[in-house]
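Peer 1: What follows is work04.cif, mmCIF, C-alpha atoms.
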```cif
data_start
#
loop_
_atom_site.label_atom_id
_atom_site.label_comp_id
_atom_site.auth_asym_id
_atom_site.auth_seq_id
_atom_site.Cartn_x
_atom_site.Cartn_y
_atom_site.Cartn_z
CA MET A 663 -34.41 -159.25 -138.18
CA ASN A 664 -31.56 -157.14 -139.54
CA HIS A 665 -33.42 -154.00 -138.42
CA LEU A 666 -33.67 -155.33 -134.84
CA LEU A 667 -29.95 -156.10 -134.67
CA LYS A 668 -29.02 -152.60 -135.91
CA ARG A 669 -31.37 -151.03 -133.38
CA PHE A 670 -29.91 -153.21 -130.59
CA ALA A 671 -26.34 -152.21 -131.55
CA ARG A 672 -27.18 -148.48 -131.50
CA ASP A 673 -29.19 -148.55 -128.25
CA ASP A 674 -27.11 -147.25 -125.31
CA ALA A 675 -29.86 -147.23 -122.65
CA GLY A 676 -28.03 -149.79 -120.45
CA GLY A 677 -24.56 -148.29 -120.89
CA ALA A 678 -24.40 -146.83 -117.38
CA THR A 679 -25.42 -150.11 -115.83
CA VAL A 680 -22.22 -151.79 -117.01
CA GLU A 681 -20.01 -149.15 -115.38
CA PHE A 682 -22.10 -149.27 -112.23
CA VAL A 683 -21.70 -153.05 -111.97
CA ILE A 684 -17.94 -152.73 -112.51
CA TRP A 685 -17.37 -149.89 -110.02
CA LEU A 686 -19.81 -150.87 -107.26
CA PRO A 687 -17.66 -153.65 -105.72
CA MET A 688 -14.60 -151.38 -105.65
CA VAL A 689 -16.54 -148.55 -104.00
CA LEU A 690 -17.98 -150.96 -101.43
CA MET A 691 -14.51 -152.36 -100.67
CA ALA A 692 -13.14 -148.83 -100.18
CA PHE A 693 -16.07 -148.05 -97.89
CA GLY A 694 -15.48 -151.28 -95.95
CA LEU A 695 -11.79 -150.48 -95.54
CA THR A 696 -12.66 -147.00 -94.29
CA VAL A 697 -15.16 -148.35 -91.76
CA ASP A 698 -12.83 -151.05 -90.42
CA VAL A 699 -9.79 -148.77 -90.15
CA SER A 700 -11.90 -146.08 -88.47
CA MET A 701 -13.16 -148.59 -85.93
CA ILE A 702 -9.63 -149.80 -85.22
CA PHE A 703 -8.44 -146.24 -84.60
CA HIS A 704 -11.52 -145.53 -82.49
CA SER A 705 -10.82 -148.63 -80.40
CA GLN A 706 -7.29 -147.40 -79.84
CA SER A 707 -8.59 -144.13 -78.40
CA GLN A 708 -11.10 -146.00 -76.21
CA VAL A 709 -8.40 -148.29 -74.85
CA LEU A 710 -6.10 -145.33 -74.22
CA ARG A 711 -8.86 -143.63 -72.23
CA ILE A 712 -9.35 -146.74 -70.08
CA ILE A 713 -5.59 -147.04 -69.49
CA GLN A 714 -5.35 -143.38 -68.51
CA ASP A 715 -8.27 -143.79 -66.09
CA ALA A 716 -6.55 -146.77 -64.45
CA ASN A 717 -3.24 -144.92 -64.26
CA ARG A 718 -4.94 -141.87 -62.79
CA ASN A 719 -6.67 -144.03 -60.18
CA ALA A 720 -3.31 -145.58 -59.29
CA SER A 721 -1.76 -142.12 -59.19
CA ILE A 722 -4.12 -140.88 -56.49
CA GLY A 723 -4.14 -144.14 -54.55
CA ARG A 724 -7.49 -145.68 -55.48
CA LEU A 725 -5.62 -148.60 -57.04
CA ARG A 726 -2.72 -149.71 -54.85
CA THR A 727 -0.89 -152.25 -57.01
CA SER A 728 -0.16 -152.83 -60.66
CA ALA A 729 -2.28 -156.01 -60.50
CA GLU A 730 -5.28 -153.93 -59.45
CA ALA A 731 -4.69 -151.61 -62.41
CA GLU A 732 -4.49 -154.59 -64.78
CA ASP A 733 -7.74 -156.02 -63.40
CA TYR A 734 -9.43 -152.62 -63.69
CA ILE A 735 -8.44 -152.35 -67.36
CA GLU A 736 -9.24 -155.92 -68.36
CA THR A 737 -12.64 -155.75 -66.64
CA ARG A 738 -13.59 -152.67 -68.64
CA LEU A 739 -12.34 -154.16 -71.89
CA GLN A 740 -14.01 -157.53 -71.38
CA GLY A 741 -17.13 -156.62 -73.37
CA ALA A 742 -15.19 -155.24 -76.32
CA SER A 743 -12.20 -157.58 -76.47
CA ALA A 744 -12.01 -160.73 -74.38
CA LYS A 745 -8.43 -161.28 -75.60
CA ALA A 746 -7.08 -157.93 -74.37
CA ASN A 747 -3.99 -158.30 -72.23
CA ALA A 748 -2.93 -155.57 -69.80
CA THR A 749 0.48 -155.35 -68.18
CA SER A 750 1.30 -152.68 -65.66
CA SER A 751 4.30 -151.78 -63.56
CA ILE A 752 5.06 -149.16 -60.94
CA THR A 753 8.68 -148.03 -61.01
CA ALA A 754 10.30 -144.91 -59.57
CA GLY A 755 6.99 -143.15 -58.95
CA VAL A 756 5.61 -143.83 -62.44
CA ILE A 757 2.90 -146.27 -63.40
CA SER A 758 3.34 -147.63 -66.91
CA THR A 759 0.61 -149.69 -68.51
CA THR A 760 0.50 -151.48 -71.86
CA VAL A 761 -2.54 -153.15 -73.40
CA THR A 762 -2.35 -155.46 -76.40
CA TYR A 763 -5.46 -156.69 -78.21
CA PRO A 764 -6.36 -158.17 -81.60
CA ALA A 765 -7.63 -155.71 -84.20
CA ARG A 766 -10.22 -158.23 -85.40
CA ASP A 767 -12.22 -157.68 -82.20
CA PHE A 768 -13.09 -154.18 -83.39
CA GLN A 769 -13.70 -154.78 -87.09
CA ILE A 770 -17.29 -154.42 -88.21
CA LEU A 771 -17.27 -155.59 -91.82
CA GLY A 772 -14.06 -157.63 -91.94
CA PHE A 773 -13.58 -157.42 -95.72
CA PHE A 774 -9.81 -157.38 -95.34
CA LYS A 775 -8.37 -160.50 -93.75
CA GLN A 776 -4.98 -158.76 -93.43
CA PHE A 777 -6.25 -157.16 -90.21
CA ASN A 778 -7.04 -160.52 -88.59
CA ASP A 779 -3.46 -161.10 -87.43
CA LEU A 780 -2.85 -157.47 -86.48
CA ARG A 781 -2.36 -156.79 -82.77
CA ILE A 782 -2.78 -153.25 -81.45
CA THR A 783 -0.57 -152.06 -78.58
CA VAL A 784 -1.49 -149.01 -76.51
CA ASN A 785 0.82 -147.64 -73.81
CA SER A 786 0.48 -144.89 -71.25
CA GLU A 787 2.50 -143.64 -68.28
CA HIS A 788 1.40 -141.52 -65.38
CA LEU A 789 3.28 -139.94 -62.46
CA ILE A 790 2.17 -141.18 -59.05
CA GLU A 791 1.28 -138.35 -56.71
CA ASP A 792 2.92 -138.38 -53.31
CA TRP A 793 0.91 -136.59 -50.64
CA GLY A 794 3.46 -137.34 -47.96
CA THR A 795 1.42 -140.14 -46.41
#
```
Give the structure from this file in structure tokens form.
Peer 2:
Amino acid sequence: MNHLLKRFARDDAGGATVEFVIWLPMVLMAFGLTVDVSMIFHSQSQVLRIIQDANRNASIGRLRTSAEAEDYIETRLQGASAKANATSSITAGVISTTVTYPARDFQILGFFKQFNDLRITVNSEHLIEDWGT
């Protein structure tokens, strides 16, 4: 029996398994954070693109009022974020649009609950073209 205990104490065949079990959750959490933050930044660029499209359409006259621009934006964001809120105003030949939405709508893994109360705000302004009409 003494021989088996000495052999067990010297055997290091499972030594890497211990480190793997300790580090794996931390690596997965770092990966999850990277994925969620990347998706939040990606959503910001998608929302900015939609806002710029609406502002451009208002600039050339396809959308006549700020309410039409808000509807245009919220319709396109409906599938991604039902809680997105667009506000738009036309002042002194400039259309200014702001969209606010919860970051949780774009998280994939959701490991970090700190992002659940985060609201993203995206703003864009565009000059309205005047063709003399």
Peer 1: Select from segment 690-740 of chain A every residue with an atom at most 10 Å from any atom of segment 756-772 of chain A, then for each give the shortest pair of atoms and their distance in Å to one decimal, using only C-alpha atoms, rows by chain and rising number, as JSON lines.
Peer 2:
```
{"residue": "A:Met691", "atom": "CA", "partner": "A:Leu771", "partner_atom": "CA", "distance": 9.8}
{"residue": "A:Phe693", "atom": "CA", "partner": "A:Leu771", "partner_atom": "CA", "distance": 9.8}
{"residue": "A:Gly694", "atom": "CA", "partner": "A:Leu771", "partner_atom": "CA", "distance": 6.2}
{"residue": "A:Leu695", "atom": "CA", "partner": "A:Gly772", "partner_atom": "CA", "distance": 8.3}
{"residue": "A:Val697", "atom": "CA", "partner": "A:Ile770", "partner_atom": "CA", "distance": 7.3}
{"residue": "A:Asp698", "atom": "CA", "partner": "A:Gln769", "partner_atom": "CA", "distance": 5.1}
{"residue": "A:Val699", "atom": "CA", "partner": "A:Gln769", "partner_atom": "CA", "distance": 7.8}
{"residue": "A:Ser700", "atom": "CA", "partner": "A:Gln769", "partner_atom": "CA", "distance": 9.0}
{"residue": "A:Met701", "atom": "CA", "partner": "A:Phe768", "partner_atom": "CA", "distance": 6.1}
{"residue": "A:Ile702", "atom": "CA", "partner": "A:Phe768", "partner_atom": "CA", "distance": 5.9}
{"residue": "A:Phe703", "atom": "CA", "partner": "A:Phe768", "partner_atom": "CA", "distance": 9.3}
{"residue": "A:His704", "atom": "CA", "partner": "A:Phe768", "partner_atom": "CA", "distance": 8.8}
{"residue": "A:Ser705", "atom": "CA", "partner": "A:Phe768", "partner_atom": "CA", "distance": 6.7}
{"residue": "A:Gln706", "atom": "CA", "partner": "A:Ala765", "partner_atom": "CA", "distance": 9.4}
{"residue": "A:Val709", "atom": "CA", "partner": "A:Val761", "partner_atom": "CA", "distance": 7.7}
{"residue": "A:Leu710", "atom": "CA", "partner": "A:Val761", "partner_atom": "CA", "distance": 8.6}
{"residue": "A:Ile712", "atom": "CA", "partner": "A:Val761", "partner_atom": "CA", "distance": 9.9}
{"residue": "A:Ile713", "atom": "CA", "partner": "A:Thr759", "partner_atom": "CA", "distance": 6.8}
{"residue": "A:Gln714", "atom": "CA", "partner": "A:Thr759", "partner_atom": "CA", "distance": 8.7}
{"residue": "A:Ala716", "atom": "CA", "partner": "A:Thr759", "partner_atom": "CA", "distance": 8.7}
{"residue": "A:Asn717", "atom": "CA", "partner": "A:Ile757", "partner_atom": "CA", "distance": 6.3}
{"residue": "A:Arg718", "atom": "CA", "partner": "A:Ile757", "partner_atom": "CA", "distance": 9.0}
{"residue": "A:Ala720", "atom": "CA", "partner": "A:Ile757", "partner_atom": "CA", "distance": 7.5}
{"residue": "A:Ser721", "atom": "CA", "partner": "A:Ile757", "partner_atom": "CA", "distance": 7.5}
{"residue": "A:Thr727", "atom": "CA", "partner": "A:Ile757", "partner_atom": "CA", "distance": 9.5}
{"residue": "A:Ser728", "atom": "CA", "partner": "A:Ile757", "partner_atom": "CA", "distance": 7.7}
{"residue": "A:Ala731", "atom": "CA", "partner": "A:Thr759", "partner_atom": "CA", "distance": 8.3}
{"residue": "A:Glu732", "atom": "CA", "partner": "A:Thr759", "partner_atom": "CA", "distance": 8.0}
{"residue": "A:Ile735", "atom": "CA", "partner": "A:Val761", "partner_atom": "CA", "distance": 8.5}
{"residue": "A:Glu736", "atom": "CA", "partner": "A:Val761", "partner_atom": "CA", "distance": 8.8}
{"residue": "A:Leu739", "atom": "CA", "partner": "A:Tyr763", "partner_atom": "CA", "distance": 9.7}
```
Peer 1: Using all atoms listed in the file, pick whichever of A:Gln708, A:Thr696, A:Ser786, A:Asn664 has the shortest atom-to-atom distance to Ser750 of chain A.
Peer 2: A:Ser786
Peer 1: Report the distance between atom CA of Thr783 of chain A and atom CA of Gly723 of chain A in Å, rounded to one decimal place.
Peer 2: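 Atom-to-atom, atom CA of Thr783 of chain A to atom CA of Gly723 of chain A, that is 25.6 Å.
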Peer 1: Set up a box along x, y and z of the file covering all listed atoms of segment 699-711 of chain A, add 3 Å on every one of the six sides, and write the centre and edge lengths in Å to one decimal, as JSON.
Peer 2:
```
{"center_x": -9.6, "center_y": -146.7, "center_z": -81.2, "size_x": 13.1, "size_y": 12.2, "size_z": 23.9}
```
Peer 1: Check the smallest atom-to-atom distance from each of A:Asn719, A:Ala748, A:Ala671, A:Glu791 to Asp733 of chain A using only C-alpha atoms, then report the winner.
Peer 2: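 Smallest separation from Asp733 of chain A among the options: A:Ala748.
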Peer 1: Of the candidates A:Leu789, A:Thr753, A:Ile782, A:Leu666, which shows the shortest atom-to-atom distance to Ser707 of chain A, using all atoms listed in the file?
Peer 2: A:Ile782
Peer 1: For atom CA of Gly755 of chain A and atom CA of Arg726 of chain A, quote the distance in Å rounded to one decimal.
Peer 2: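 Interatomic distance here is 12.4 Å.
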Peer 1: Which of these residues is nearest to Ala754 of chain A, using all atoms listed in the file: A:Asp715, A:Glu787, A:Gln740, A:Met663?
Peer 2: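 Of A:Asp715, A:Glu787, A:Gln740, A:Met663, the one nearest Ala754 of chain A, counting all atoms listed in the file, is A:Glu787.
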Peer 1: Measure the distance from atom CA of Pro687 of chain A to atom CA of Asp673 of chain A in Å and round it to one decimal.
Peer 2: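 Atom CA of Asp673 of chain A lies 25.8 Å from atom CA of Pro687 of chain A.
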Peer 1: Which one of A:Ile752, A:Ile684, A:Ala744, A:Ile722 sits closest to Asp792 of chain A if you count all atoms listed in the file?
Peer 2: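 Between A:Ile752, A:Ile684, A:Ala744, A:Ile722, the residue approaching Asp792 of chain A most closely is A:Ile722.
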Peer 1: Atoms are missing here; could segment 765-789 of chain A be completed with N, CA and C atoms and written as an mmCIF file, in the frame of the given file?
Peer 2:
```
data_model
loop_
_atom_site.group_PDB
_atom_site.id
_atom_site.type_symbol
_atom_site.label_atom_id
_atom_site.label_comp_id
_atom_site.auth_asym_id
_atom_site.auth_seq_id
_atom_site.Cartn_x
_atom_site.Cartn_y
_atom_site.Cartn_z
ATOM 1 N N ALA A 765 -6.840 -156.689 -83.453
ATOM 2 C CA ALA A 765 -7.630 -155.710 -84.200
ATOM 3 C C ALA A 765 -8.956 -156.301 -84.675
ATOM 4 N N ARG A 766 -8.993 -157.608 -84.885
ATOM 5 C CA ARG A 766 -10.220 -158.230 -85.400
ATOM 6 C C ARG A 766 -11.401 -158.067 -84.450
ATOM 7 N N ASP A 767 -11.125 -157.856 -83.161
ATOM 8 C CA ASP A 767 -12.220 -157.680 -82.200
ATOM 9 C C ASP A 767 -13.009 -156.409 -82.452
ATOM 10 N N PHE A 768 -12.426 -155.461 -83.172
ATOM 11 C CA PHE A 768 -13.090 -154.180 -83.390
ATOM 12 C C PHE A 768 -13.490 -153.948 -84.842
ATOM 13 N N GLN A 769 -13.265 -154.923 -85.699
ATOM 14 C CA GLN A 769 -13.700 -154.780 -87.090
ATOM 15 C C GLN A 769 -15.210 -154.995 -87.159
ATOM 16 N N ILE A 770 -15.854 -154.254 -88.026
ATOM 17 C CA ILE A 770 -17.290 -154.420 -88.210
ATOM 18 C C ILE A 770 -17.573 -155.263 -89.443
ATOM 19 N N LEU A 771 -16.988 -154.901 -90.559
ATOM 20 C CA LEU A 771 -17.270 -155.590 -91.820
ATOM 21 C C LEU A 771 -16.313 -156.745 -92.080
ATOM 22 N N GLY A 772 -15.048 -156.568 -91.780
ATOM 23 C CA GLY A 772 -14.060 -157.630 -91.940
ATOM 24 C C GLY A 772 -13.788 -158.039 -93.369
ATOM 25 N N PHE A 773 -13.876 -157.100 -94.325
ATOM 26 C CA PHE A 773 -13.580 -157.420 -95.720
ATOM 27 C C PHE A 773 -12.124 -157.800 -95.916
ATOM 28 N N PHE A 774 -11.242 -157.209 -95.131
ATOM 29 C CA PHE A 774 -9.810 -157.380 -95.340
ATOM 30 C C PHE A 774 -9.245 -158.311 -94.272
ATOM 31 N N LYS A 775 -8.883 -159.486 -94.673
ATOM 32 C CA LYS A 775 -8.370 -160.500 -93.750
ATOM 33 C C LYS A 775 -6.961 -160.164 -93.260
ATOM 34 N N GLN A 776 -6.316 -159.167 -93.856
ATOM 35 C CA GLN A 776 -4.980 -158.760 -93.430
ATOM 36 C C GLN A 776 -5.001 -158.212 -92.007
ATOM 37 N N PHE A 777 -6.143 -157.710 -91.563
ATOM 38 C CA PHE A 777 -6.250 -157.160 -90.210
ATOM 39 C C PHE A 777 -6.445 -158.248 -89.157
ATOM 40 N N ASN A 778 -6.747 -159.467 -89.560
ATOM 41 C CA ASN A 778 -7.040 -160.520 -88.590
ATOM 42 C C ASN A 778 -5.853 -160.867 -87.705
ATOM 43 N N ASP A 779 -4.639 -160.781 -88.220
ATOM 44 C CA ASP A 779 -3.460 -161.100 -87.430
ATOM 45 C C ASP A 779 -2.814 -159.874 -86.793
ATOM 46 N N LEU A 780 -3.392 -158.717 -87.012
ATOM 47 C CA LEU A 780 -2.850 -157.470 -86.480
ATOM 48 C C LEU A 780 -3.168 -157.355 -84.989
ATOM 49 N N ARG A 781 -2.156 -157.029 -84.197
ATOM 50 C CA ARG A 781 -2.360 -156.790 -82.770
ATOM 51 C C ARG A 781 -2.035 -155.319 -82.492
ATOM 52 N N ILE A 782 -2.929 -154.665 -81.791
ATOM 53 C CA ILE A 782 -2.780 -153.250 -81.450
ATOM 54 C C ILE A 782 -2.169 -153.162 -80.051
ATOM 55 N N THR A 783 -1.192 -152.286 -79.886
ATOM 56 C CA THR A 783 -0.570 -152.060 -78.580
ATOM 57 C C THR A 783 -0.743 -150.598 -78.214
ATOM 58 N N VAL A 784 -1.271 -150.366 -77.012
ATOM 59 C CA VAL A 784 -1.490 -149.010 -76.510
ATOM 60 C C VAL A 784 -0.753 -148.901 -75.181
ATOM 61 N N ASN A 785 0.000 -147.815 -75.000
ATOM 62 C CA ASN A 785 0.820 -147.640 -73.810
ATOM 63 C C ASN A 785 0.585 -146.250 -73.230
ATOM 64 N N SER A 786 0.609 -146.178 -71.902
ATOM 65 C CA SER A 786 0.480 -144.890 -71.250
ATOM 66 C C SER A 786 1.250 -144.921 -69.925
ATOM 67 N N GLU A 787 1.796 -143.778 -69.560
ATOM 68 C CA GLU A 787 2.500 -143.640 -68.280
ATOM 69 C C GLU A 787 1.925 -142.457 -67.532
ATOM 70 N N HIS A 788 1.959 -142.576 -66.203
ATOM 71 C CA HIS A 788 1.400 -141.520 -65.380
ATOM 72 C C HIS A 788 2.239 -141.407 -64.102
ATOM 73 N N LEU A 789 2.532 -140.180 -63.683
ATOM 74 C CA LEU A 789 3.280 -139.940 -62.460
ATOM 75 C C LEU A 789 2.395 -140.213 -61.252
#
```
